[in-house]
>>> print(open('protein-v8.csv').read())   # CSV, C-alpha atoms
chain,number,residue,atom,x,y,z
G,1,MET,CA,100.0,-57.5,85.3
G,2,HIS,CA,99.7,-55.3,88.3
G,3,ARG,CA,100.7,-51.7,87.6
G,4,ALA,CA,101.6,-49.1,90.2
G,5,PRO,CA,99.2,-46.1,90.1
G,6,SER,CA,101.9,-43.8,88.9
G,7,ASP,CA,102.3,-46.0,85.7
G,8,LEU,CA,98.7,-45.1,84.8
G,9,LEU,CA,99.3,-41.4,84.9
G,10,GLN,CA,99.3,-39.4,81.7
G,11,ALA,CA,99.8,-35.8,80.8
G,12,ALA,CA,96.7,-33.7,80.8
G,13,PHE,CA,96.2,-30.2,79.2
G,14,ALA,CA,99.3,-28.9,77.5
G,15,ASP,CA,98.7,-25.5,79.0
G,16,PRO,CA,96.7,-26.2,82.3
G,17,VAL,CA,95.5,-22.7,82.9
G,18,LEU,CA,94.5,-21.5,79.5
G,19,ASP,CA,93.2,-24.8,78.2
G,20,ALA,CA,91.0,-25.3,81.3
G,21,GLN,CA,89.7,-21.7,80.9
G,22,LYS,CA,88.9,-22.4,77.2
G,23,CYS,CA,86.9,-25.5,78.1
G,24,PHE,CA,85.1,-23.7,80.9
G,25,ARG,CA,84.1,-21.0,78.5
G,26,ALA,CA,82.9,-23.6,76.0
G,27,ALA,CA,80.8,-25.3,78.8
G,28,LEU,CA,79.3,-21.9,79.8
G,29,LYS,CA,78.5,-21.1,76.2
G,30,ALA,CA,77.0,-24.6,75.7
G,31,LEU,CA,74.7,-24.1,78.7
G,32,SER,CA,73.7,-20.6,77.7
G,33,GLU,CA,72.8,-21.6,74.2
G,34,PRO,CA,71.3,-25.0,74.6
G,35,GLY,CA,71.7,-27.4,71.7
G,36,THR,CA,74.6,-25.6,70.0
G,37,ARG,CA,77.9,-27.4,69.8
G,38,GLN,CA,81.0,-25.9,71.3
G,39,PRO,CA,84.5,-27.1,70.5
G,40,LEU,CA,86.7,-28.3,73.4
G,41,VAL,CA,90.5,-28.3,73.7
G,42,SER,CA,92.0,-31.6,72.6
G,43,VAL,CA,93.6,-33.8,75.3
G,44,ALA,CA,94.9,-37.4,75.3
G,45,ALA,CA,91.9,-39.7,76.0
G,46,ILE,CA,91.8,-42.3,78.8
G,47,GLU,CA,89.9,-45.2,77.3
G,48,PRO,CA,86.9,-45.4,77.5
G,49,LEU,CA,86.8,-41.7,78.5
G,50,GLN,CA,87.1,-39.8,75.2
G,51,ALA,CA,89.0,-36.5,74.9
G,52,ALA,CA,86.0,-34.3,75.1
G,53,GLY,CA,84.7,-35.8,78.3
G,54,TYR,CA,88.1,-35.8,79.9
G,55,ALA,CA,88.7,-32.1,78.9
G,56,LEU,CA,85.4,-31.3,80.7
G,57,CYS,CA,86.5,-33.2,83.8
G,58,LEU,CA,89.8,-31.4,83.8
G,59,SER,CA,88.2,-28.0,83.7
G,60,LEU,CA,85.2,-28.5,85.9
G,61,LEU,CA,86.4,-30.8,88.7
G,62,ASP,CA,88.5,-30.0,91.7
G,63,ASN,CA,88.7,-31.0,95.3
G,64,ASP,CA,85.4,-29.4,96.1
G,65,THR,CA,83.4,-31.4,93.6
G,66,PRO,CA,82.6,-35.0,94.5
G,67,LEU,CA,82.2,-37.1,91.4
G,68,TRP,CA,80.2,-40.2,90.7
G,69,LEU,CA,81.5,-42.5,88.0
G,70,ALA,CA,79.3,-44.7,85.9
G,71,PRO,CA,80.4,-48.4,86.0
G,72,ALA,CA,81.9,-48.1,82.5
G,73,PHE,CA,84.2,-45.3,83.6
G,74,ASP,CA,85.2,-46.8,86.9
G,75,THR,CA,88.6,-48.0,85.8
G,76,PRO,CA,92.0,-47.7,87.7
G,77,ALA,CA,93.4,-45.4,84.9
G,78,ILE,CA,90.5,-43.0,85.1
G,79,ARG,CA,90.4,-43.0,88.9
G,80,THR,CA,94.2,-42.4,89.1
G,81,ASN,CA,94.3,-39.6,86.5
G,82,LEU,CA,91.2,-37.8,87.9
G,83,ALA,CA,92.6,-38.0,91.4
G,84,PHE,CA,96.0,-36.7,90.3
G,85,HIS,CA,95.0,-33.9,87.9
G,86,CYS,CA,91.6,-32.8,89.4
G,87,GLY,CA,92.0,-34.0,93.0
G,88,CYS,CA,88.2,-34.6,93.1
G,89,PRO,CA,86.8,-37.1,95.6
G,90,ILE,CA,85.1,-40.1,93.9
G,91,VAL,CA,82.0,-41.0,95.8
G,92,GLU,CA,80.0,-44.3,95.7
G,93,THR,CA,76.7,-42.7,96.6
G,94,ARG,CA,74.9,-40.8,93.9
G,95,GLY,CA,73.3,-38.4,96.3
G,96,GLU,CA,76.7,-37.0,97.4
G,97,ALA,CA,77.9,-36.2,93.9
G,98,MET,CA,78.1,-32.7,92.5
G,99,PHE,CA,79.1,-34.1,89.1
G,100,ALA,CA,78.3,-37.5,87.5
G,101,LEU,CA,80.3,-38.9,84.6
G,102,LEU,CA,77.9,-41.0,82.6
G,103,ASP,CA,77.9,-43.0,79.4
G,104,ALA,CA,74.9,-43.9,77.2
G,105,ALA,CA,74.2,-47.1,79.1
G,106,ALA,CA,73.8,-45.3,82.4
G,107,LEU,CA,71.1,-42.9,81.2
G,108,ASP,CA,68.1,-45.2,81.7
G,109,ASP,CA,68.2,-44.5,85.5
G,110,LEU,CA,68.9,-41.1,86.8
G,111,SER,CA,67.6,-41.8,90.3
G,112,GLY,CA,69.5,-40.7,93.3
G,113,PHE,CA,71.2,-37.6,91.8
G,114,TYR,CA,70.6,-34.5,93.9
G,115,ALA,CA,68.3,-32.1,92.0
G,116,GLY,CA,68.9,-29.2,94.4
G,117,SER,CA,66.5,-27.6,96.9
G,118,GLU,CA,64.0,-24.8,96.5
G,119,ARG,CA,66.4,-22.5,98.3
G,120,TYR,CA,69.6,-23.7,96.7
G,121,PRO,CA,68.7,-25.1,93.3
G,122,ASP,CA,72.3,-24.4,92.1
G,123,GLN,CA,73.6,-27.2,94.3
G,124,SER,CA,72.2,-29.9,92.1
G,125,CYS,CA,74.3,-32.6,90.4
G,126,THR,CA,75.6,-31.8,86.9
G,127,LEU,CA,75.6,-34.7,84.5
G,128,LEU,CA,78.6,-35.1,82.2
G,129,ILE,CA,77.4,-37.4,79.5
G,130,GLN,CA,79.6,-39.0,76.9
G,131,LEU,CA,77.9,-40.2,73.7
G,132,GLU,CA,79.2,-41.6,70.4
G,133,HIS,CA,77.8,-38.7,68.4
G,134,LEU,CA,75.9,-35.4,69.0
G,135,ASP,CA,73.5,-36.1,66.0
G,136,ARG,CA,72.0,-39.0,64.2
G,137,GLY,CA,69.2,-39.3,66.7
G,138,PRO,CA,65.5,-38.3,66.3
G,139,ALA,CA,65.3,-34.5,66.0
G,140,LEU,CA,63.5,-33.0,68.9
G,141,SER,CA,62.4,-29.4,69.2
G,142,TRP,CA,64.1,-27.6,72.1
G,143,GLN,CA,62.7,-24.4,73.6
G,144,GLY,CA,63.5,-22.2,76.5
G,145,PRO,CA,66.1,-19.6,77.6
G,146,GLY,CA,69.0,-19.2,75.2
G,147,ILE,CA,67.0,-20.4,72.3
G,148,ASP,CA,65.4,-18.0,69.8
G,149,GLY,CA,62.0,-19.7,69.1
G,150,SER,CA,62.9,-23.4,68.9
G,151,ARG,CA,65.9,-25.4,67.9
G,152,LEU,CA,65.9,-28.9,66.4
G,153,VAL,CA,68.5,-31.1,68.1
G,154,GLY,CA,68.9,-34.8,67.2
G,155,LEU,CA,70.8,-36.4,70.1
G,156,PRO,CA,71.0,-40.2,69.9
G,157,LEU,CA,69.3,-40.6,73.3
G,158,ALA,CA,66.8,-43.2,74.3
G,159,PRO,CA,63.2,-42.1,75.3
G,160,ALA,CA,64.0,-43.4,78.8
G,161,PHE,CA,66.5,-40.6,79.3
G,162,TRP,CA,64.0,-37.9,78.5
G,163,GLN,CA,61.4,-39.5,80.8
G,164,GLN,CA,64.0,-39.7,83.6
G,165,ARG,CA,65.0,-36.1,83.1
G,166,ALA,CA,61.4,-34.9,83.1
G,167,ALA,CA,60.6,-36.8,86.3
G,168,ARG,CA,63.3,-34.8,88.1
G,169,ASN,CA,62.6,-31.5,86.5
G,170,ASP,CA,60.6,-29.5,89.0
G,171,PHE,CA,61.9,-25.9,88.3
G,172,PRO,CA,63.9,-24.4,89.9
G,173,ARG,CA,65.1,-27.9,90.9
G,174,GLY,CA,66.4,-30.2,88.2
G,175,LEU,CA,69.5,-31.7,86.6
G,176,ASP,CA,71.7,-29.9,84.1
G,177,ALA,CA,73.6,-31.9,81.5
G,178,LEU,CA,76.7,-31.4,79.4
G,179,ILE,CA,76.7,-33.8,76.6
G,180,CYS,CA,80.0,-34.4,74.7
G,181,ALA,CA,81.3,-36.4,71.8
G,182,ASP,CA,83.9,-35.9,69.1
G,183,GLY,CA,85.7,-33.1,70.8
G,184,GLU,CA,82.5,-31.0,71.2
G,185,VAL,CA,80.1,-30.2,74.0
G,186,LEU,CA,76.4,-29.5,73.9
G,187,GLY,CA,74.5,-28.1,76.9
G,188,LEU,CA,71.1,-29.3,78.1
G,189,PRO,CA,70.2,-27.1,81.1
G,190,ARG,CA,67.1,-27.9,83.3
G,191,SER,CA,65.4,-24.8,81.8
G,192,THR,CA,65.2,-26.3,78.3
G,193,ARG,CA,61.8,-27.6,77.4
G,194,ILE,CA,61.6,-30.5,75.0
G,195,GLY,CA,58.9,-29.9,72.5
G,196,ASP,CA,56.0,-31.8,70.9
G,197,SER,CA,58.1,-34.2,68.9
G,198,LEU,CA,59.0,-35.9,72.1
G,199,GLN,CA,55.7,-37.8,72.0
G,200,GLU,CA,56.6,-39.3,68.7
G,201,VAL,CA,59.7,-41.0,70.1
G,202,ALA,CA,58.4,-41.7,73.6
I,1,MET,CA,110.2,-35.1,117.7
I,2,HIS,CA,110.9,-37.0,114.5
I,3,THR,CA,110.0,-40.5,115.7
I,4,ARG,CA,108.9,-41.8,112.3
I,5,GLU,CA,111.6,-43.5,110.3
I,6,GLN,CA,112.5,-41.7,107.1
I,7,SER,CA,112.4,-43.9,104.0
I,8,PRO,CA,115.2,-43.7,101.6
I,9,ARG,CA,113.0,-41.9,99.1
I,10,GLN,CA,111.9,-39.4,101.6
I,11,ARG,CA,115.5,-38.7,102.4
I,12,TRP,CA,116.6,-38.1,98.8
I,13,MET,CA,113.5,-36.0,98.1
I,14,ALA,CA,114.3,-33.9,101.1
I,15,VAL,CA,117.9,-33.5,99.9
I,16,LEU,CA,116.7,-32.5,96.4
I,17,ALA,CA,114.3,-30.1,97.9
I,18,ARG,CA,117.0,-28.3,99.8
I,19,ALA,CA,119.7,-28.4,97.1
I,20,SER,CA,120.5,-25.0,95.7
I,21,ALA,CA,120.2,-24.2,92.0
I,22,ALA,CA,124.0,-24.0,91.6
I,23,GLU,CA,124.3,-27.5,93.1
I,24,LEU,CA,121.8,-29.1,90.7
I,25,ALA,CA,123.0,-27.3,87.6
I,26,PRO,CA,126.1,-29.5,87.0
I,27,PHE,CA,123.9,-32.5,86.7
I,28,GLU,CA,121.4,-31.0,84.3
I,29,SER,CA,122.7,-32.6,81.1
I,30,ALA,CA,123.0,-36.0,82.8
I,31,LEU,CA,119.5,-35.8,84.2
I,32,ARG,CA,118.0,-34.7,81.0
I,33,ASP,CA,119.9,-37.3,79.0
I,34,CYS,CA,116.9,-39.7,78.5
I,35,ALA,CA,113.4,-39.7,77.0
I,36,TYR,CA,110.9,-38.3,79.4
I,37,GLN,CA,107.4,-36.9,79.5
I,38,LEU,CA,106.1,-34.1,81.7
I,39,ILE,CA,103.0,-35.5,83.5
I,40,ARG,CA,102.6,-32.3,85.4
I,41,PRO,CA,104.8,-29.5,83.9
I,42,ALA,CA,106.4,-27.5,86.7
I,43,GLU,CA,103.9,-25.1,88.2
I,44,ILE,CA,104.1,-22.5,90.9
I,45,GLY,CA,101.6,-22.4,93.8
I,46,MET,CA,101.3,-21.3,97.4
I,47,THR,CA,101.3,-23.5,100.5
I,48,LEU,CA,100.4,-22.5,104.0
I,49,VAL,CA,103.2,-22.9,106.5
I,50,ARG,CA,102.1,-23.9,110.0
I,51,GLY,CA,104.1,-23.9,113.2
I,52,ARG,CA,103.8,-24.9,116.8
I,53,MET,CA,105.0,-22.7,119.6
I,54,GLY,CA,108.0,-24.4,121.1
I,55,GLY,CA,107.4,-27.3,118.8
I,56,THR,CA,104.7,-28.7,121.0
I,57,GLY,CA,102.1,-26.0,121.4
I,58,ALA,CA,98.9,-25.5,119.5
I,59,PRO,CA,99.4,-25.1,115.7
I,60,PHE,CA,99.2,-21.6,114.3
I,61,ASN,CA,99.5,-20.3,110.7
I,62,LEU,CA,102.9,-18.8,110.1
I,63,GLY,CA,102.2,-17.6,106.6
I,64,GLU,CA,102.2,-18.6,103.0
I,65,MET,CA,105.2,-19.4,100.9
I,66,SER,CA,105.6,-20.1,97.2
I,67,VAL,CA,106.2,-23.7,96.1
I,68,THR,CA,107.0,-25.2,92.7
I,69,ARG,CA,106.1,-28.8,92.0
I,70,CYS,CA,106.7,-31.0,89.0
I,71,VAL,CA,106.0,-34.6,87.9
I,72,VAL,CA,107.9,-36.4,85.1
I,73,ARG,CA,107.9,-39.9,83.8
I,74,LEU,CA,110.8,-41.5,82.1
I,75,ALA,CA,110.6,-43.9,79.2
I,76,ASP,CA,111.1,-46.9,81.5
I,77,GLY,CA,107.9,-45.9,83.4
I,78,SER,CA,109.4,-44.6,86.7
I,79,THR,CA,107.7,-41.5,87.9
I,80,GLY,CA,109.5,-38.7,89.6
I,81,TYR,CA,107.9,-36.1,91.9
I,82,SER,CA,109.4,-32.9,93.3
I,83,TYR,CA,108.3,-30.1,95.6
I,84,ARG,CA,110.7,-27.2,96.1
I,85,ALA,CA,110.4,-23.9,97.9
I,86,GLY,CA,110.5,-20.9,95.6
I,87,ARG,CA,109.5,-20.2,92.0
I,88,ASP,CA,112.3,-21.9,90.0
I,89,LYS,CA,110.6,-24.2,87.5
I,90,ARG,CA,113.8,-25.5,85.9
I,91,GLN,CA,115.1,-26.7,89.3
I,92,ALA,CA,111.8,-28.4,90.1
I,93,GLU,CA,112.0,-30.3,86.8
I,94,LEU,CA,115.6,-31.3,87.5
I,95,ALA,CA,114.6,-32.5,91.0
I,96,ALA,CA,111.7,-34.5,89.6
I,97,LEU,CA,114.0,-36.1,87.0
I,98,ALA,CA,116.5,-37.0,89.8
I,99,ASP,CA,113.7,-38.6,91.8
I,100,ALA,CA,112.7,-40.7,88.8
I,101,HIS,CA,116.3,-41.8,88.1
I,102,LEU,CA,116.8,-42.7,91.7
I,103,GLN,CA,113.9,-45.2,91.5
I,104,GLY,CA,115.4,-46.8,88.4
I,105,PRO,CA,118.2,-49.4,87.9
I,106,GLN,CA,120.9,-46.8,88.2
I,107,GLN,CA,119.9,-46.0,91.8
I,108,SER,CA,123.2,-46.6,93.5
I,109,ARG,CA,125.1,-44.5,90.9
I,110,TRP,CA,122.8,-41.6,91.4
I,111,LEU,CA,122.9,-41.9,95.1
I,112,ALA,CA,126.7,-41.8,95.1
I,113,GLU,CA,127.1,-39.1,92.5
I,114,LEU,CA,124.2,-36.8,93.3
I,115,ILE,CA,122.6,-37.3,96.6
I,116,GLU,CA,125.5,-38.1,99.0
I,117,PRO,CA,127.6,-35.0,98.0
I,118,LEU,CA,124.5,-32.8,98.3
I,119,ALA,CA,123.6,-34.3,101.6
I,120,ALA,CA,127.1,-33.9,102.9
I,121,ALA,CA,127.2,-30.2,101.8
I,122,GLN,CA,123.9,-29.6,103.4
I,123,ALA,CA,125.0,-31.2,106.7
I,124,ARG,CA,128.2,-29.1,106.5
I,125,ARG,CA,126.2,-25.9,106.1
I,126,ALA,CA,123.8,-26.9,108.9
I,127,ALA,CA,126.8,-27.6,111.2
I,128,GLN,CA,128.5,-24.4,110.3
I,129,GLN,CA,125.3,-22.4,111.0
I,130,ALA,CA,124.8,-24.2,114.2
I,131,ALA,CA,128.4,-23.4,115.2
I,132,GLU,CA,128.0,-19.7,114.3
I,133,THR,CA,124.8,-19.6,116.2
I,134,ALA,CA,126.4,-21.3,119.2
I,135,THR,CA,128.9,-18.5,119.6
I,136,THR,CA,126.1,-16.0,120.3
I,137,ARG,CA,124.5,-18.2,122.9
I,138,VAL,CA,123.9,-16.5,126.2
I,139,GLU,CA,123.5,-18.6,129.3
I,140,PHE,CA,121.2,-17.2,131.9
I,141,PHE,CA,121.7,-18.1,135.5
I,142,THR,CA,119.0,-17.5,138.1
I,143,LEU,CA,120.5,-16.3,141.3
I,144,LEU,CA,118.9,-17.3,144.5
I,145,ARG,CA,117.5,-14.0,145.8
I,146,GLY,CA,117.4,-15.1,149.4
I,147,GLU,CA,113.9,-13.7,150.0
I,148,ASP,CA,113.0,-16.4,152.3
>>> encode(input="protein-v8.csv", output="structure tokens")
Amino acid sequence: MHRAPSDLLQAAFADPVLDAQKCFRAALKALSEPGTRQPLVSVAAIEPLQAAGYALCLSLLDNDTPLWLAPAFDTPAIRTNLAFHCGCPIVETRGEAMFALLDAAALDDLSGFYAGSERYPDQSCTLLIQLEHLDRGPALSWQGPGIDGSRLVGLPLAPAFWQQRAARNDFPRGLDALICADGEVLGLPRSTRIGDSLQEVA
Amino acid sequence: MHTREQSPRQRWMAVLARASAAELAPFESALRDCAYQLIRPAEIGMTLVRGRMGGTGAPFNLGEMSVTRCVVRLADGSTGYSYRAGRDKRQAELAALADAHLQGPQQSRWLAELIEPLAAAQARRAAQQAAETATTRVEFFTLLRGED
């Protein structure tokens, strides 16, 4: 049945200002302490976009942030709600996107996303990645700014993702990622180095 | 100036946007008498007002004004939008509810009971103001000065 776009609309944050600020704070903390989980505000999910990923979208996206959608998330309901609540342009070309909304199936190929320039590394594309869990994967040793010594993080990510990330990580250029599942977000900034245990899984 | 035809919905949204709080208040219980969900709870923002000198000149920025907007959805799925000048969230919600009801099966009833009286009152006020303004009108005549 054909549905008018307005039928697909649903309510977003209960308190748009405070909830968006709480999620923004959680995302900042996640990136400043890579590998730690930060709780996000609960919001009604838009299948297949879970509450955590949608909350991140609502707090980070606006009309200045072109978004690229992975095929799994490119549904009329998600497009309609993001256009209504965030007002973000949805782009077809990866290189134009400032944010990318990805699922696990889209992580094998990170080509095309803008990694910033030497002069403006901050203009790189930020990856918003939705996973099933934030654990249950092979534990890797993370090191770098925001981590005291090293931290073991067991994300359920395929070796291909780490290779793709490393191939685009030419500091200060690189891709930052916010990984979310089960109402929590975990940060993986470009400055985080993945330790020796990588070779065991790769 | 206004060459584009106004759709019925544009007309009733314009009427609702201009209706005063006192005019909408009597319909509050009738408007709220249904299950509805706030898709975008009433929120206050600013919008830039632009004008054209003489209506045809180059556009210039007149200034900013406060605007309240709201979006509701009724249980039957119709979605109502409202934009109103000012900071009155309750009125914005009522106007959005009215827009949603006006798209539903009861459209003719709402048009007759709510929109037409409001439109008539607004036309009356506009005509009254035009009449008051007309009494202050000064006609300037240019006299031939006979310089040549």
>>> atom_distance(input="protein-v8.csv", atom1="CA of Pro89 in chain G", atom2="CA of Ala44 in chain G")
21.9 Å
>>> interface_residues(input="protein-v8.csv", of="chain G", to="chain I", cutoff="9 Å", atoms="all atoms listed in the file", output="tab-separated table (two decimals) with C-alpha atoms, keeping the file's coordinate frame")
chain	number	residue	atom	x	y	z
G	6	SER	CA	101.90	-43.80	88.90
G	7	ASP	CA	102.30	-46.00	85.70
G	9	LEU	CA	99.30	-41.40	84.90
G	10	GLN	CA	99.30	-39.40	81.70
G	11	ALA	CA	99.80	-35.80	80.80
G	12	ALA	CA	96.70	-33.70	80.80
G	14	ALA	CA	99.30	-28.90	77.50
G	15	ASP	CA	98.70	-25.50	79.00
G	16	PRO	CA	96.70	-26.20	82.30
G	85	HIS	CA	95.00	-33.90	87.90
>>> atom_distance(input="protein-v8.csv", atom1="CA of Gly144 in chain G", atom2="CA of Ile179 in chain G")
17.6 Å
>>> residues_around(input="protein-v8.csv", residues="Phe161 in chain G", least_positions_apart="5", cutoff="8 Å", atoms="only C-alpha atoms", output="JSON list (two decimals) with C-alpha atoms, keeping the file's coordinate frame")
[["chain", "number", "residue", "atom", "x", "y", "z"],
["G", 107, "LEU", "CA", 71.10, -42.90, 81.20],
["G", 108, "ASP", "CA", 68.10, -45.20, 81.70],
["G", 109, "ASP", "CA", 68.20, -44.50, 85.50],
["G", 110, "LEU", "CA", 68.90, -41.10, 86.80]]
>>> closest_residue(input="protein-v8.csv", among="G:Glu33, G:Asp170, G:Glu184, G:Asp176", to="Trp142 in chain G", atoms="all atoms listed in the file")
G:Glu33
>>> closest_residue(input="protein-v8.csv", among="I:Ala92, I:Val49, I:Val15, I:Leu143", to="Leu111 in chain I", atoms="only C-alpha atoms")
I:Val15
>>> atom_distance(input="protein-v8.csv", atom1="CA of Cys86 in chain G", atom2="CA of Met65 in chain I")
22.3 Å
>>> closest_residue(input="protein-v8.csv", among="G:Leu31, G:Val153, G:Ala70, G:Val91", to="Arg136 in chain G", atoms="all atoms listed in the file")
G:Val153
>>> residues_near_point(input="protein-v8.csv", point="(89.4, -25.1, 81.5)", cutoff="8 Å", atoms="only C-alpha atoms", output="number ranges by chain")
G: 16-25, 55-56, 58-60
>>> residues_around(input="protein-v8.csv", residues="Ala123 in chain I", least_positions_apart="5", cutoff="12 Å", atoms="all atoms listed in the file", output="compact mmCIF listing (two decimals) with C-alpha atoms, keeping the file's coordinate frame")
# COMPACT_ATOMS: atom_id res chain seq x y z
CA VAL I 15 117.90 -33.50 99.90
CA ARG I 18 117.00 -28.30 99.80
CA ALA I 19 119.70 -28.40 97.10
CA GLU I 116 125.50 -38.10 99.00
CA PRO I 117 127.60 -35.00 98.00
CA LEU I 118 124.50 -32.80 98.30
CA GLN I 128 128.50 -24.40 110.30
CA GLN I 129 125.30 -22.40 111.00
CA ALA I 130 124.80 -24.20 114.20
>>> closest_residue(input="protein-v8.csv", among="G:Gly112, G:Pro121, G:Gly195, G:Pro66", to="Phe99 in chain G", atoms="all atoms listed in the file")
G:Pro66
>>> residues_around(input="protein-v8.csv", residues="Pro59 in chain I", least_positions_apart="4", cutoff="7 Å", atoms="all atoms listed in the file", output="list of chain:residue names")
I:Arg50, I:Gly51, I:Arg52
>>> closest_residue(input="protein-v8.csv", among="I:Ala96, I:His101, I:Phe140, I:Arg90", to="Ala25 in chain I", atoms="all atoms listed in the file")
I:Arg90
>>> residues_around(input="protein-v8.csv", residues="Gln50 in chain G", least_positions_apart="5", cutoff="12 Å", atoms="only C-alpha atoms", output="MDAnalysis selection string")
chainID G and resid 40 42:45 55:57 73 78 101:103 128:133 180:185
>>> residues_near_point(input="protein-v8.csv", point="(109.3, -18.6, 93.0)", cutoff="8 Å", atoms="all atoms listed in the file", output="list of chain:residue names")
I:Ile44, I:Ser66, I:Val67, I:Thr68, I:Ala85, I:Gly86, I:Arg87, I:Asp88, I:Lys89
>>> closest_residue(input="protein-v8.csv", among="I:Tyr81, I:Ser108, I:Cys34, I:Thr135", to="Ala95 in chain I", atoms="only C-alpha atoms")
I:Tyr81
>>> decode(input="protein-v8.csv", residues="range 79-100 of chain I", atoms="N, CA and C atoms", output="PDB file, in the first residue's frame")
ATOM      1  N   THR I  79      -2.044  14.045   9.389  1.00  0.00           N
ATOM      2  CA  THR I  79      -0.997  14.828  10.043  1.00  0.00           C
ATOM      3  C   THR I  79      -1.295  16.306   9.858  1.00  0.00           C
ATOM      4  N   GLY I  80      -1.281  17.028  10.960  1.00  0.00           N
ATOM      5  CA  GLY I  80      -1.574  18.455  10.904  1.00  0.00           C
ATOM      6  C   GLY I  80      -0.351  19.283  11.251  1.00  0.00           C
ATOM      7  N   TYR I  81      -0.134  20.318  10.465  1.00  0.00           N
ATOM      8  CA  TYR I  81       1.001  21.222  10.666  1.00  0.00           C
ATOM      9  C   TYR I  81       0.481  22.608  11.006  1.00  0.00           C
ATOM     10  N   SER I  82       1.260  23.344  11.773  1.00  0.00           N
ATOM     11  CA  SER I  82       0.906  24.742  11.978  1.00  0.00           C
ATOM     12  C   SER I  82       2.163  25.581  12.148  1.00  0.00           C
ATOM     13  N   TYR I  83       2.093  26.779  11.634  1.00  0.00           N
ATOM     14  CA  TYR I  83       3.114  27.802  11.874  1.00  0.00           C
ATOM     15  C   TYR I  83       2.366  29.052  12.272  1.00  0.00           C
ATOM     16  N   ARG I  84       2.696  29.632  13.432  1.00  0.00           N
ATOM     17  CA  ARG I  84       2.006  30.837  13.875  1.00  0.00           C
ATOM     18  C   ARG I  84       3.020  31.849  14.381  1.00  0.00           C
ATOM     19  N   ALA I  85       2.765  33.099  14.110  1.00  0.00           N
ATOM     20  CA  ALA I  85       3.628  34.152  14.643  1.00  0.00           C
ATOM     21  C   ALA I  85       3.468  34.185  16.159  1.00  0.00           C
ATOM     22  N   GLY I  86       4.538  34.497  16.863  1.00  0.00           N
ATOM     23  CA  GLY I  86       4.461  34.636  18.300  1.00  0.00           C
ATOM     24  C   GLY I  86       4.993  33.418  19.027  1.00  0.00           C
ATOM     25  N   ARG I  87       4.729  33.364  20.323  1.00  0.00           N
ATOM     26  CA  ARG I  87       5.334  32.348  21.169  1.00  0.00           C
ATOM     27  C   ARG I  87       4.292  31.507  21.893  1.00  0.00           C
ATOM     28  N   ASP I  88       3.077  31.440  21.363  1.00  0.00           N
ATOM     29  CA  ASP I  88       2.010  30.738  22.064  1.00  0.00           C
ATOM     30  C   ASP I  88       1.961  29.271  21.620  1.00  0.00           C
ATOM     31  N   LYS I  89       2.546  28.402  22.451  1.00  0.00           N
ATOM     32  CA  LYS I  89       2.625  26.987  22.074  1.00  0.00           C
ATOM     33  C   LYS I  89       1.253  26.332  22.042  1.00  0.00           C
ATOM     34  N   ARG I  90       0.376  26.737  22.963  1.00  0.00           N
ATOM     35  CA  ARG I  90      -0.941  26.101  23.028  1.00  0.00           C
ATOM     36  C   ARG I  90      -1.727  26.379  21.743  1.00  0.00           C
ATOM     37  N   GLN I  91      -1.661  27.621  21.277  1.00  0.00           N
ATOM     38  CA  GLN I  91      -2.383  27.963  20.057  1.00  0.00           C
ATOM     39  C   GLN I  91      -1.798  27.227  18.848  1.00  0.00           C
ATOM     40  N   ALA I  92      -0.477  27.069  18.838  1.00  0.00           N
ATOM     41  CA  ALA I  92       0.145  26.357  17.722  1.00  0.00           C
ATOM     42  C   ALA I  92      -0.341  24.913  17.682  1.00  0.00           C
ATOM     43  N   GLU I  93      -0.479  24.310  18.869  1.00  0.00           N
ATOM     44  CA  GLU I  93      -0.958  22.930  18.922  1.00  0.00           C
ATOM     45  C   GLU I  93      -2.408  22.854  18.449  1.00  0.00           C
ATOM     46  N   LEU I  94      -3.232  23.817  18.876  1.00  0.00           N
ATOM     47  CA  LEU I  94      -4.631  23.825  18.440  1.00  0.00           C
ATOM     48  C   LEU I  94      -4.726  24.007  16.930  1.00  0.00           C
ATOM     49  N   ALA I  95      -3.916  24.887  16.373  1.00  0.00           N
ATOM     50  CA  ALA I  95      -3.960  25.120  14.925  1.00  0.00           C
ATOM     51  C   ALA I  95      -3.529  23.863  14.169  1.00  0.00           C
ATOM     52  N   ALA I  96      -2.515  23.154  14.711  1.00  0.00           N
ATOM     53  CA  ALA I  96      -2.083  21.918  14.056  1.00  0.00           C
ATOM     54  C   ALA I  96      -3.185  20.863  14.128  1.00  0.00           C
ATOM     55  N   LEU I  97      -3.859  20.779  15.275  1.00  0.00           N
ATOM     56  CA  LEU I  97      -4.977  19.836  15.409  1.00  0.00           C
ATOM     57  C   LEU I  97      -6.079  20.173  14.410  1.00  0.00           C
ATOM     58  N   ALA I  98      -6.363  21.469  14.270  1.00  0.00           N
ATOM     59  CA  ALA I  98      -7.403  21.875  13.326  1.00  0.00           C
ATOM     60  C   ALA I  98      -7.009  21.484  11.911  1.00  0.00           C
ATOM     61  N   ASP I  99      -5.744  21.670  11.544  1.00  0.00           N
ATOM     62  CA  ASP I  99      -5.289  21.292  10.204  1.00  0.00           C
ATOM     63  C   ASP I  99      -5.462  19.791   9.988  1.00  0.00           C
ATOM     64  N   ALA I 100      -5.171  18.995  11.024  1.00  0.00           N
ATOM     65  CA  ALA I 100      -5.334  17.545  10.886  1.00  0.00           C
ATOM     66  C   ALA I 100      -6.809  17.179  10.726  1.00  0.00           C
TER      67      ALA I 100
END
